[in-house]
>>> print(open('coords27.cif').read())   # mmCIF, C-alpha atoms and all ligand atoms
data_run
loop_
_atom_site.label_atom_id
_atom_site.label_comp_id
_atom_site.auth_asym_id
_atom_site.auth_seq_id
_atom_site.Cartn_x
_atom_site.Cartn_y
_atom_site.Cartn_z
CA MET A 1 -13.92 -4.97 2.91
CA PRO A 2 -16.59 -2.30 3.58
CA PRO A 3 -20.15 -3.33 4.48
CA ASN A 4 -22.18 -4.41 1.45
CA ASN A 5 -25.92 -3.68 1.18
CA GLY A 6 -26.50 -6.25 -1.53
CA GLU A 7 -24.96 -4.07 -4.26
CA ARG A 8 -21.94 -5.29 -6.16
CA LEU A 9 -18.78 -3.79 -4.70
CA ARG A 10 -16.48 -1.92 -7.06
CA ILE A 11 -12.96 -3.11 -6.41
CA LEU A 12 -9.78 -1.81 -8.06
CA ASP A 13 -6.82 -4.19 -8.23
CA VAL A 14 -3.80 -1.93 -8.72
CA GLY A 15 -0.86 -3.65 -10.42
CA CYS A 16 -3.03 -6.75 -10.72
CA GLY A 17 -0.52 -8.88 -12.64
CA ILE A 18 -1.83 -12.20 -13.93
CA ARG A 19 -3.85 -13.02 -10.77
CA LYS A 20 -6.45 -10.26 -10.80
CA TYR A 21 -8.76 -10.29 -7.77
CA PRO A 22 -12.08 -11.95 -8.83
CA GLY A 23 -14.73 -9.40 -9.78
CA SER A 24 -12.33 -6.46 -9.66
CA ILE A 25 -11.15 -3.97 -12.28
CA GLY A 26 -7.45 -4.57 -12.83
CA ILE A 27 -4.89 -1.94 -13.84
CA ASP A 28 -1.32 -2.66 -14.76
CA VAL A 29 1.33 -1.31 -17.10
CA ASN A 30 1.98 -4.70 -18.64
CA PRO A 31 -0.46 -5.75 -21.41
CA VAL A 32 0.31 -9.45 -20.86
CA THR A 33 -1.41 -9.30 -17.45
CA ALA A 34 -5.12 -9.71 -16.65
CA ALA A 35 -5.52 -5.92 -16.56
CA ASP A 36 -8.71 -4.31 -17.85
CA VAL A 37 -6.99 -0.92 -18.08
CA ILE A 38 -3.37 -0.53 -19.14
CA CYS A 39 -1.76 2.40 -17.38
CA ASP A 40 1.51 3.48 -15.86
CA LEU A 41 0.92 3.86 -12.12
CA ASP A 42 3.74 6.39 -11.93
CA ARG A 43 1.66 8.80 -13.99
CA PHE A 44 -1.14 10.68 -12.26
CA PRO A 45 -4.07 10.85 -12.08
CA TYR A 46 -5.17 7.26 -12.75
CA PRO A 47 -8.08 7.19 -15.26
CA PHE A 48 -11.00 7.06 -12.78
CA ALA A 49 -13.18 9.69 -11.14
CA ASP A 50 -12.90 10.56 -7.44
CA ARG A 51 -14.41 8.00 -5.06
CA THR A 52 -15.21 5.42 -7.72
CA PHE A 53 -14.31 2.34 -5.67
CA ASP A 54 -15.51 0.62 -2.51
CA ALA A 55 -12.16 -1.09 -2.14
CA LEU A 56 -8.69 -0.92 -3.61
CA ARG A 57 -6.01 -3.60 -3.46
CA ALA A 58 -2.32 -3.10 -4.12
CA ILE A 59 -0.66 -6.47 -3.61
CA HIS A 60 3.13 -6.45 -3.92
CA VAL A 61 3.02 -3.32 -6.06
CA ILE A 62 3.76 -0.20 -4.01
CA GLU A 63 7.42 -1.17 -3.64
CA HIS A 64 7.71 -0.96 -7.47
CA LEU A 65 6.33 2.59 -7.76
CA THR A 66 8.35 5.78 -7.73
CA ASP A 67 6.39 8.05 -5.39
CA VAL A 68 4.75 6.35 -2.40
CA VAL A 69 3.25 9.60 -1.07
CA ARG A 70 1.67 10.56 -4.38
CA THR A 71 0.43 6.98 -4.87
CA MET A 72 -1.24 7.01 -1.45
CA GLU A 73 -2.90 10.33 -2.35
CA GLU A 74 -4.25 8.70 -5.48
CA PHE A 75 -5.55 5.69 -3.52
CA HIS A 76 -7.18 8.17 -1.13
CA ARG A 77 -8.86 9.97 -4.04
CA LEU A 78 -10.22 6.83 -5.68
CA VAL A 79 -11.81 5.13 -2.67
CA LYS A 80 -15.19 6.14 -1.23
CA PRO A 81 -15.55 7.22 2.40
CA GLY A 82 -15.98 4.05 4.44
CA GLY A 83 -14.11 2.08 1.77
CA ARG A 84 -10.95 0.06 2.22
CA VAL A 85 -7.41 0.23 0.88
CA ARG A 86 -5.45 -2.99 1.24
CA ILE A 87 -1.70 -2.97 0.73
CA GLU A 88 0.64 -5.95 0.87
CA THR A 89 4.37 -5.49 0.49
CA PRO A 90 7.57 -7.25 1.58
CA HIS A 91 9.17 -6.34 4.89
CA TYR A 92 12.58 -4.83 4.17
CA THR A 93 14.38 -7.63 6.01
CA ASP A 94 12.97 -10.29 3.68
CA TYR A 95 15.17 -11.78 0.99
CA SER A 96 12.67 -10.70 -1.68
CA SER A 97 12.83 -7.02 -0.75
CA PHE A 98 16.36 -6.46 -2.05
CA CYS A 99 16.51 -9.39 -4.46
CA ASP A 100 14.14 -7.87 -7.04
CA PRO A 101 15.95 -5.10 -8.94
CA THR A 102 12.62 -3.45 -9.82
CA HIS A 103 11.87 -2.70 -6.14
CA LYS A 104 12.31 1.02 -5.48
CA HIS A 105 11.27 0.97 -1.80
CA HIS A 106 12.10 -1.18 1.20
CA LEU A 107 9.46 -0.67 3.85
CA ASN A 108 8.70 -1.58 7.43
CA SER A 109 5.50 -1.93 9.43
CA PHE A 110 5.49 1.77 10.37
CA SER A 111 6.12 3.15 6.87
CA PHE A 112 2.48 4.18 6.45
CA ARG A 113 2.15 5.99 9.79
CA TYR A 114 2.79 9.22 7.86
CA PHE A 115 -0.74 8.87 6.47
CA GLY A 116 -2.28 8.23 9.91
CA GLU A 117 -4.20 10.49 12.27
CA ASP A 118 -1.20 12.64 13.26
CA HIS A 119 0.87 11.92 10.13
CA GLY A 120 3.58 10.37 12.26
CA GLY A 121 4.62 13.89 13.26
CA PHE A 122 5.42 14.81 9.63
CA GLY A 123 2.23 16.61 8.60
CA TYR A 124 3.88 18.34 5.66
CA TYR A 125 4.33 15.16 3.58
CA THR A 126 0.68 15.08 2.51
CA GLU A 127 -2.86 16.02 3.47
CA ALA A 128 -4.13 12.51 2.67
CA LYS A 129 -5.25 10.78 5.84
CA PHE A 130 -6.17 7.18 6.49
CA ARG A 131 -7.54 5.37 9.51
CA GLU A 132 -5.61 2.20 10.19
CA ILE A 133 -7.90 -0.84 10.26
CA PHE A 134 -5.07 -3.31 10.82
CA VAL A 135 -1.40 -3.99 10.27
CA ARG A 136 -0.21 -7.60 10.16
CA VAL A 137 3.35 -8.78 9.87
CA LYS A 138 4.32 -12.20 8.60
CA LEU A 139 7.65 -13.54 9.81
CA LEU A 140 9.80 -16.31 8.38
CA SER A 141 8.27 -19.67 9.39
CA PHE A 142 10.94 -20.55 11.95
CA TRP A 143 10.14 -17.42 14.00
CA ARG A 144 6.43 -17.90 13.53
CA TRP A 145 6.69 -21.39 15.07
CA LEU A 146 8.52 -19.88 18.03
CA GLY A 147 5.63 -17.46 18.66
CA PHE A 148 7.33 -14.22 17.57
CA GLU A 149 4.73 -13.49 14.90
CA PHE A 150 1.94 -13.64 17.48
CA LEU A 151 3.76 -11.23 19.79
CA VAL A 152 4.61 -8.78 16.99
CA ASN A 153 1.00 -8.64 15.82
CA ARG A 154 -0.67 -8.76 19.23
CA PHE A 155 1.29 -5.96 20.89
CA PRO A 156 2.07 -2.78 18.85
CA ARG A 157 4.76 -1.79 21.36
CA PHE A 158 6.44 -5.13 20.88
CA ARG A 159 6.23 -4.60 17.11
CA LYS A 160 8.10 -1.33 17.54
CA PHE A 161 10.69 -3.05 19.75
CA TRP A 162 11.05 -5.78 17.11
CA GLU A 163 11.52 -3.19 14.32
CA PHE A 164 14.11 -1.29 16.38
CA TYR A 165 16.18 -4.13 17.86
CA LEU A 166 15.29 -7.61 16.61
CA CYS A 167 14.25 -7.59 12.97
CA TYR A 168 17.71 -8.17 11.48
CA LEU A 169 17.76 -11.51 13.31
CA VAL A 170 14.04 -12.31 13.63
CA ARG A 171 13.44 -11.42 10.02
CA GLY A 172 10.15 -10.25 8.55
CA LYS A 173 8.61 -11.65 5.40
CA ALA A 174 5.59 -9.64 4.29
CA MET A 175 3.17 -7.07 5.67
CA GLU A 176 -0.56 -6.57 5.22
CA PHE A 177 -2.18 -3.20 5.83
CA GLU A 178 -5.80 -2.15 5.66
CA PHE A 179 -6.82 1.50 5.76
CA GLU A 180 -9.95 3.61 5.42
CA PRO A 181 -9.54 7.01 3.71
CA ILE A 182 -10.58 9.95 5.88
CA GLY A 183 -11.61 13.39 4.66
CA PRO A 184 -11.94 14.86 1.17
CA PRO A 185 -9.69 13.87 -1.75
CA VAL A 186 -6.41 15.75 -1.78
CA PRO A 187 -6.19 18.24 -4.66
CA MET A 188 -3.48 17.55 -7.24
CA ARG A 189 -0.21 18.90 -5.90
CA ARG A 190 1.77 21.25 -8.04
CA ARG A 191 5.39 20.22 -7.78
CA PRO A 192 7.87 23.06 -7.29
CA ALA A 193 10.78 23.23 -9.72
CA VAL A 194 13.95 21.90 -8.09
CA SER A 195 15.72 25.26 -8.34
CA GLN A 196 12.79 27.26 -6.93
CA THR A 197 13.64 29.42 -3.91
CA ARG A 198 11.33 31.12 -1.41
C1 LIG A 201 5.06 -8.41 -8.11
S1 LIG A 201 3.82 -8.13 -9.32
C2 LIG A 201 2.34 -8.34 -8.34
C3 LIG A 201 1.17 -8.72 -9.18
C4 LIG A 201 -0.12 -9.02 -8.42
N1 LIG A 201 -0.58 -7.88 -7.67
C5 LIG A 201 0.01 -10.23 -7.54
O1 LIG A 201 -0.06 -10.11 -6.31
O2 LIG A 201 0.20 -11.33 -8.08
C6 LIG A 201 3.90 -6.35 -9.57
C7 LIG A 201 2.95 -5.86 -10.63
O3 LIG A 201 3.00 -4.43 -10.66
C8 LIG A 201 3.03 -4.00 -12.00
N2 LIG A 201 3.71 -2.71 -12.07
C9 LIG A 201 4.95 -2.40 -11.66
N3 LIG A 201 5.24 -1.11 -11.92
C10 LIG A 201 4.13 -0.58 -12.51
C11 LIG A 201 3.78 0.69 -13.02
N4 LIG A 201 4.65 1.72 -12.99
N5 LIG A 201 2.58 0.87 -13.55
C12 LIG A 201 1.67 -0.14 -13.60
N6 LIG A 201 1.94 -1.39 -13.14
C13 LIG A 201 3.16 -1.61 -12.60
C14 LIG A 201 3.78 -5.10 -12.74
O4 LIG A 201 3.51 -5.10 -14.12
C15 LIG A 201 3.30 -6.35 -12.02
O5 LIG A 201 2.15 -6.89 -12.63
#
>>> encode(input="coords27.cif", output="structure tokens")
Amino acid sequence: MPPNNGERLRILDVGCGIRKYPGSIGIDVNPVTAADVICDLDRFPYPFADRTFDALRAIHVIEHLTDVVRTMEEFHRLVKPGGRVRIETPHYTDYSSFCDPTHKHHLNSFSFRYFGEDHGGFGYYTEAKFREIFVRVKLLSFWRWLGFEFLVNRFPRFRKFWEFYLCYLVRGKAMEFEFEPIGPPVPMRRRPAVSQTR
């Protein structure tokens, strides 16, 4: 969470479900949830002005949405400079990642590097940039007891080694990310028609 000078923080809980974060504004497509605003997160923009929130949470939601890049741009637009974006999502080697037929994405602990300082070498995906505050991986309990979770989280190079060579055996469970948006909000992208040529 960003520093608080005694003022009430404005927090957006995206895809809040029935367990909305206390004190937050919840948005969800399903009216049976605790949402304050019903909206389809696959339709942009979300109904809030630029930089409305001090913090945004998307807990086990991003894997359900169609366009991860566009969603991250929207998170970037909605959060104030110095604010925080927290994302939790299953690791793709967890049972839950492929079990739920409404999951559209199966992610790993480097999936958000494309929004980092150098855009993971793919600067043309988006102009939205985030500073990584932390990435934490949770492993299945057996591997946690054996100390793998500590190693994966303590040493980023070991995390990469784990993602490359070990994760189909030493399976992941969930991931927690925290980011700070950097720079101005990204203007709405106009999508080219599929048949458009240069
Ligand atoms: C796995 S639940 C997580 C709920 C909550 N964040 C939690 O941690 O308990 C996913 C939530 O995302 C919502 N959701 C999925 N697709 C959505 C969409 N296109 N627009 C809005 N909400 C969506 C669902 O209605 C559901 O409440």
>>> residues_near_ligand(input="coords27.cif", ligand="ligand LIG 201 (chain A)", cutoff="7 Å", atoms="only C-alpha atoms and all ligand atoms", output="PyMOL selection string")
chain A and resi 14-20+27-30+33+39-42+58-61+64-65
>>> closest_residue(input="coords27.cif", among="A:Tyr168, A:Tyr46, A:Phe179, A:Tyr21", to="Ile133 of chain A", atoms="all atoms listed in the file")
A:Phe179
>>> atom_distance(input="coords27.cif", atom1="atom CA of Ala128 of chain A", atom2="atom CA of Thr66 of chain A")
17.6 Å
>>> closest_atom_pairs(input="coords27.cif", of="segment 75-102 of chain A", to="segment 185-188 of chain A", cutoff="9 Å", atoms="only C-alpha atoms", output="CSV")
residue,atom,partner,partner_atom,distance
A:His76,CA,A:Pro185,CA,6.3
A:Arg77,CA,A:Pro185,CA,4.6
A:Leu78,CA,A:Pro185,CA,8.1
>>> residues_around(input="coords27.cif", residues="Ser109 of chain A", least_positions_apart="5", cutoff="10 Å", atoms="all atoms listed in the file", output="list in words")
Thr89, Pro90, His91, Tyr92, Val135, Arg136, Val137, Arg159, Lys160, Glu163, Gly172, Ala174, Met175, Glu176 and Phe177 of chain A
>>> residues_around(input="coords27.cif", residues="segment 111-120 of chain A", least_positions_apart="6", cutoff="7 Å", atoms="all atoms listed in the file", output="ChimeraX atom specification")
/A:128-132
>>> atom_distance(input="coords27.cif", atom1="atom CA of Cys167 of chain A", atom2="atom CA of Pro101 of chain A")
22.1 Å
>>> atom_distance(input="coords27.cif", atom1="atom CA of Lys173 of chain A", atom2="atom CA of Leu139 of chain A")
4.9 Å
>>> closest_residue(input="coords27.cif", among="A:Phe134, A:Phe110, A:Phe155, A:Phe53", to="Glu178 of chain A", atoms="all atoms listed in the file")
A:Phe134
>>> residues_around(input="coords27.cif", residues="Pro22 of chain A", least_positions_apart="4", cutoff="12 Å", atoms="all atoms listed in the file", output="PyMOL selection string")
chain A and resi 9-13+16+18+26+34-35+57
>>> closest_residue(input="coords27.cif", among="A:Val85, A:Ala55, A:Phe75, A:Pro45", to="Ile25 of chain A", atoms="all atoms listed in the file")
A:Ala55
>>> closest_residue(input="coords27.cif", among="A:Ser24, A:Asp67, A:Trp145, A:Pro156", to="Arg43 of chain A", atoms="only C-alpha atoms")
A:Asp67
